[in-house]
file entry_34.txt (compact mmCIF, C-alpha atoms and all ligand atoms)
# COMPACT_ATOMS: atom_id res chain seq x y z
CA MET B 1 125.15 103.64 95.68
CA LEU B 2 122.06 101.80 96.87
CA GLU B 3 121.81 104.23 99.77
CA SER B 4 119.55 106.61 97.86
CA LEU B 5 117.13 103.79 97.05
CA TYR B 6 117.08 102.61 100.66
CA ARG B 7 116.29 106.17 101.72
CA LEU B 8 113.29 106.30 99.40
CA VAL B 9 111.61 103.11 100.66
CA ARG B 10 108.95 104.23 103.12
CA ASP B 11 108.03 101.94 106.01
CA VAL B 12 104.31 102.06 106.73
CA PRO B 13 103.51 100.21 109.96
CA ASP B 14 100.30 98.19 110.33
CA PHE B 15 99.33 98.32 106.64
CA PRO B 16 97.23 96.70 105.29
CA LYS B 17 96.81 94.82 108.59
CA PRO B 18 98.13 95.26 112.14
CA GLY B 19 101.61 93.80 112.45
CA ILE B 20 102.57 94.20 108.78
CA GLN B 21 105.40 96.63 108.05
CA PHE B 22 104.58 97.71 104.50
CA LYS B 23 107.48 98.64 102.21
CA ASP B 24 106.08 101.54 100.18
CA ILE B 25 108.02 102.09 96.95
CA THR B 26 105.93 105.04 95.70
CA PRO B 27 108.60 107.59 96.78
CA ILE B 28 110.98 105.82 94.36
CA LEU B 29 108.40 106.14 91.57
CA LEU B 30 108.21 109.90 92.17
CA ASP B 31 111.89 110.31 91.30
CA HIS B 32 112.76 109.31 87.72
CA ARG B 33 116.44 108.84 88.54
CA ALA B 34 115.61 106.54 91.44
CA LEU B 35 113.12 104.62 89.31
CA GLY B 36 115.77 104.20 86.63
CA GLN B 37 118.27 103.00 89.21
CA ALA B 38 115.74 100.56 90.66
CA VAL B 39 115.11 99.07 87.22
CA ASP B 40 118.85 98.88 86.52
CA GLU B 41 119.38 97.04 89.79
CA ILE B 42 116.61 94.58 88.99
CA VAL B 43 117.93 93.69 85.52
CA ALA B 44 121.69 93.95 86.19
CA PRO B 45 122.48 90.24 86.80
CA PHE B 46 120.35 89.14 83.84
CA ARG B 47 121.42 91.47 81.03
CA GLN B 48 123.42 88.81 79.20
CA ASP B 49 121.00 85.94 79.84
CA GLY B 50 118.90 86.15 76.70
CA ILE B 51 115.66 86.90 78.54
CA THR B 52 112.72 86.74 76.12
CA LYS B 53 109.90 87.46 78.61
CA VAL B 54 109.72 89.49 81.80
CA VAL B 55 106.91 88.05 83.91
CA ALA B 56 105.52 90.78 86.16
CA VAL B 57 103.15 90.29 89.10
CA GLU B 58 100.15 92.55 89.76
CA ALA B 59 100.28 95.34 90.62
CA ARG B 60 103.58 96.93 91.66
CA GLY B 61 105.44 94.28 89.70
CA PHE B 62 103.92 95.80 86.56
CA VAL B 63 105.46 99.18 87.34
CA LEU B 64 108.96 97.69 87.59
CA GLY B 65 108.48 94.86 85.10
CA ALA B 66 107.50 97.02 82.11
CA PRO B 67 110.67 99.15 82.08
CA ALA B 68 112.73 96.03 82.90
CA ALA B 69 111.29 94.34 79.80
CA LEU B 70 112.20 97.36 77.65
CA VAL B 71 115.76 97.41 78.98
CA LEU B 72 116.16 93.67 78.32
CA ASN B 73 114.51 93.82 74.86
CA ALA B 74 112.03 91.26 76.15
CA GLY B 75 108.28 90.93 76.05
CA LEU B 76 106.14 91.64 79.10
CA VAL B 77 103.84 88.99 80.58
CA LEU B 78 101.18 90.08 83.06
CA VAL B 79 100.37 87.81 86.02
CA ARG B 80 97.10 89.00 87.54
CA LYS B 81 94.52 88.31 90.20
CA PRO B 82 91.64 86.04 89.10
CA GLY B 83 89.15 87.41 86.61
CA LYS B 84 91.27 90.32 85.38
CA LEU B 85 92.80 88.84 82.23
CA PRO B 86 90.38 88.72 79.28
CA ALA B 87 91.50 85.63 77.31
CA ALA B 88 92.03 81.98 78.32
CA THR B 89 94.15 81.65 81.47
CA ARG B 90 95.91 79.11 83.66
CA ARG B 91 95.70 79.57 87.44
CA ALA B 92 97.83 78.89 90.56
CA GLU B 93 96.75 79.22 94.22
CA TYR B 94 99.15 80.88 96.69
CA GLN B 95 99.58 82.16 100.24
CA LEU B 96 100.36 85.84 100.84
CA GLU B 97 102.05 87.34 103.90
CA TYR B 98 98.61 88.75 104.65
CA GLY B 99 96.01 86.32 103.28
CA SER B 100 95.62 83.88 100.40
CA ASP B 101 94.72 84.32 96.77
CA ALA B 102 95.25 83.00 93.27
CA LEU B 103 97.11 84.25 90.23
CA GLU B 104 96.44 83.82 86.53
CA VAL B 105 98.34 84.21 83.27
CA HIS B 106 97.18 84.01 79.66
CA VAL B 107 97.83 80.50 78.37
CA ASP B 108 99.42 81.88 75.19
CA ALA B 109 101.67 84.45 76.91
CA LEU B 110 104.66 82.11 77.30
CA GLY B 111 105.89 79.00 75.52
CA ALA B 112 108.61 76.36 75.42
CA GLY B 113 111.16 78.62 73.72
CA ASP B 114 110.91 81.40 76.29
CA ARG B 115 113.54 82.37 78.85
CA ALA B 116 111.66 84.09 81.66
CA LEU B 117 112.66 86.59 84.32
CA ILE B 118 110.04 86.96 87.09
CA VAL B 119 109.90 90.49 88.54
CA ASP B 120 108.08 91.87 91.58
CA ASP B 121 108.59 94.68 94.06
CA VAL B 122 108.85 92.64 97.28
CA LEU B 123 109.83 89.06 98.12
CA ALA B 124 108.21 88.30 101.48
CA THR B 125 107.07 84.72 102.23
CA GLY B 126 107.63 83.72 98.61
CA GLY B 127 104.09 82.49 98.02
CA THR B 128 103.39 84.93 95.22
CA ALA B 129 106.70 84.24 93.49
CA ALA B 130 106.32 80.46 93.89
CA ALA B 131 102.85 80.57 92.33
CA THR B 132 104.19 82.72 89.49
CA ALA B 133 107.06 80.28 88.97
CA GLN B 134 104.51 77.46 88.81
CA LEU B 135 102.55 79.31 86.12
CA VAL B 136 105.71 79.89 84.09
CA GLU B 137 106.83 76.27 84.36
CA GLU B 138 103.40 74.97 83.39
CA SER B 139 103.70 77.03 80.20
CA GLY B 140 106.89 75.16 79.25
CA ALA B 141 109.09 78.26 79.51
CA ARG B 142 112.42 78.21 81.34
CA ILE B 143 112.80 80.37 84.46
CA VAL B 144 116.21 82.05 84.21
CA GLY B 145 115.74 83.96 87.45
CA LEU B 146 113.57 85.92 89.83
CA SER B 147 114.39 89.54 90.59
CA PHE B 148 112.96 91.78 93.28
CA LEU B 149 113.54 95.34 94.33
CA ILE B 150 113.17 94.35 98.00
CA GLU B 151 113.64 91.10 99.93
CA LEU B 152 112.36 90.67 103.48
CA THR B 153 114.97 88.10 104.40
CA ASP B 154 113.43 86.93 107.68
CA LEU B 155 110.30 85.58 106.00
CA GLY B 156 111.93 82.65 104.23
CA GLY B 157 110.83 83.50 100.71
CA ARG B 158 114.15 82.60 99.10
CA ALA B 159 114.14 79.14 100.72
CA ARG B 160 110.54 78.57 99.64
CA LEU B 161 111.55 79.17 96.04
CA GLY B 162 114.01 76.28 96.26
CA PRO B 163 117.79 75.91 96.07
CA GLY B 164 117.92 75.64 92.28
CA ARG B 165 116.59 79.13 91.62
CA THR B 166 118.61 82.25 90.80
CA VAL B 167 117.06 84.86 93.09
CA HIS B 168 118.24 88.46 93.10
CA ALA B 169 117.15 91.34 95.32
CA ALA B 170 118.50 94.87 95.15
CA LEU B 171 117.54 95.92 98.68
CA THR B 172 117.39 93.57 101.65
CA TYR B 173 115.75 93.94 105.06
CA PRO B 174 117.40 93.41 107.48
CA ARG B 175 119.99 95.27 105.43
CA ARG B 176 123.19 93.60 104.35
CA LEU B 177 125.95 94.80 102.11
CA SER B 178 125.13 92.82 98.99
CA CYS B 179 122.67 90.24 97.80
CA ALA B 180 124.01 88.79 94.58
CA ARG B 181 122.91 85.67 92.74
CA PRO B 182 124.02 82.45 94.47
P1 LIG F 201 104.78 87.02 99.47
O1 LIG F 201 103.88 86.19 98.59
O2 LIG F 201 104.51 86.81 100.92
O3 LIG F 201 106.23 86.86 99.10
O4 LIG F 201 104.38 88.55 99.22
C1 LIG F 201 104.84 89.21 98.10
C2 LIG F 201 103.78 90.05 97.47
O5 LIG F 201 103.02 90.74 98.44
C3 LIG F 201 104.39 91.09 96.58
O6 LIG F 201 103.60 91.20 95.40
C4 LIG F 201 104.36 92.37 97.39
O7 LIG F 201 103.92 93.45 96.59
C5 LIG F 201 103.38 92.11 98.52
N1 LIG F 201 103.97 92.28 99.85
C6 LIG F 201 104.11 91.34 100.79
N2 LIG F 201 104.61 91.83 101.92
C7 LIG F 201 104.83 93.14 101.68
C8 LIG F 201 105.36 94.20 102.46
N3 LIG F 201 105.78 94.02 103.73
N4 LIG F 201 105.44 95.43 101.91
C9 LIG F 201 105.03 95.63 100.63
N5 LIG F 201 104.52 94.66 99.84
C10 LIG F 201 104.41 93.42 100.36

call {"tool": "encode", "arguments": {"input": "entry_34.txt", "output": "structure tokens"}}
result
Amino acid sequence: MLESLYRLVRDVPDFPKPGIQFKDITPILLDHRALGQAVDEIVAPFRQDGITKVVAVEARGFVLGAPAALVLNAGLVLVRKPGKLPAATRRAEYQLEYGSDALEVHVDALGAGDRALIVDDVLATGGTAAATAQLVEESGARIVGLSFLIELTDLGGRARLGPGRTVHAALTYPRRLSCARP
């Protein structure tokens, strides 16, 4: 059933730098059935978990996070690059597979009563997700899980997020049959 999604992920070699194999999800976005399936796969393990906020990471995380929030009847929290969010923010530094950067979230976007699901398109080294998790924890919210459309399993992202996390990925590279929550 995931075969059609795998078929629509386009490998772009040497983007944005030599040596990076970019996983391009735009062919999935062009097909509304595939997009719907991708969102279903992202939310599936968390439907009964009382998620109150989907925390989506700029920029492709927004595309998947917004429909995921609607499906889960949850609010949507935007995690953005520095200087993009207009109101008061908190910030976390992180390492990317190709470079380093920082992420910000509005200080009033999440609070102690929230049950958060972090959503992004790709889990690579885990730096982005770890920084996002830090932002969520600093807000006092509980992280119920992290869900990705794609996991690049050789890059150690899951380990970097720590053993206590519930990490889900619909599609894994190298491919394996299933990648359920631990
Ligand atoms: P990382 O922090 O290394 O886990 O990188 C994850 C973030 O970088 C996600 O927001 C992805 O959109 C992007 N990313 C990293 N590596 C790739 C890749 N090979 N293909 C597509 N996006 C990637």

call {"tool": "residues_near_ligand", "arguments": {"input": "entry_34.txt", "ligand": "ligand LIG 201 (chain F)", "cutoff": "10 Å", "atoms": "all atoms listed in the file", "output": "ChimeraX atom specification"}}
result
/B:9-16,19-25,56-62,94-101,119-132,148,150-152,155-158,160-161

call {"tool": "residues_around", "arguments": {"input": "entry_34.txt", "residues": "Leu117 of chain B", "least_positions_apart": "5", "cutoff": "8 Å", "atoms": "all atoms listed in the file", "output": "list in words"}}
result
Ile51, Lys53, Val54, Val55, Ile143, Val144, Gly145, Leu146 and Ser147 of chain B

call {"tool": "atom_distance", "arguments": {"input": "entry_34.txt", "atom1": "atom CA of Gly65 of chain B", "atom2": "atom CA of Ala169 of chain B"}}
result
13.9 Å

call {"tool": "residues_around", "arguments": {"input": "entry_34.txt", "residues": "Tyr6 of chain B", "least_positions_apart": "5", "cutoff": "10 Å", "atoms": "all atoms listed in the file", "output": "list of chain:residue names"}}
result
B:Met1, B:Ile25, B:Ile28, B:Ile150, B:Ala170, B:Leu171, B:Thr172, B:Tyr173, B:Arg175

call {"tool": "closest_residue", "arguments": {"input": "entry_34.txt", "among": "B:Arg33, B:Arg91, B:His106, B:Arg115", "to": "Leu72 of chain B", "atoms": "all atoms listed in the file"}}
result
B:Arg115

call {"tool": "atom_distance", "arguments": {"input": "entry_34.txt", "atom1": "atom CA of Gly164 of chain B", "atom2": "atom CA of Pro82 of chain B"}}
result
28.4 Å

call {"tool": "residues_around", "arguments": {"input": "entry_34.txt", "residues": "Pro67 of chain B", "least_positions_apart": "5", "cutoff": "10 Å", "atoms": "all atoms listed in the file", "output": "short mmCIF file (atom, residue, chain, number, x, y, z; two decimals) with C-alpha atoms, in the coordinates of the input"}}
result
data_model
loop_
_atom_site.label_atom_id
_atom_site.label_comp_id
_atom_site.auth_asym_id
_atom_site.auth_seq_id
_atom_site.Cartn_x
_atom_site.Cartn_y
_atom_site.Cartn_z
CA LEU B 35 113.12 104.62 89.31
CA GLY B 36 115.77 104.20 86.63
CA VAL B 39 115.11 99.07 87.22
CA ASP B 40 118.85 98.88 86.52
CA VAL B 43 117.93 93.69 85.52
CA VAL B 54 109.72 89.49 81.80
CA PHE B 62 103.92 95.80 86.56
CA LEU B 72 116.16 93.67 78.32
CA ASN B 73 114.51 93.82 74.86
CA ALA B 74 112.03 91.26 76.15
CA LEU B 76 106.14 91.64 79.10
#

call {"tool": "atom_distance", "arguments": {"input": "entry_34.txt", "atom1": "atom CA of Leu8 of chain B", "atom2": "atom CA of Lys81 of chain B"}}
result
27.6 Å

call {"tool": "closest_residue", "arguments": {"input": "entry_34.txt", "among": "B:Gly113, B:Ala44, B:Ile118, B:Asp154", "to": "Gly140 of chain B", "atoms": "all atoms listed in the file"}}
result
B:Gly113

call {"tool": "closest_residue", "arguments": {"input": "entry_34.txt", "among": "B:Glu104, B:Glu41, B:Glu138, B:Asp31", "to": "Ala68 of chain B", "atoms": "only C-alpha atoms"}}
result
B:Glu41
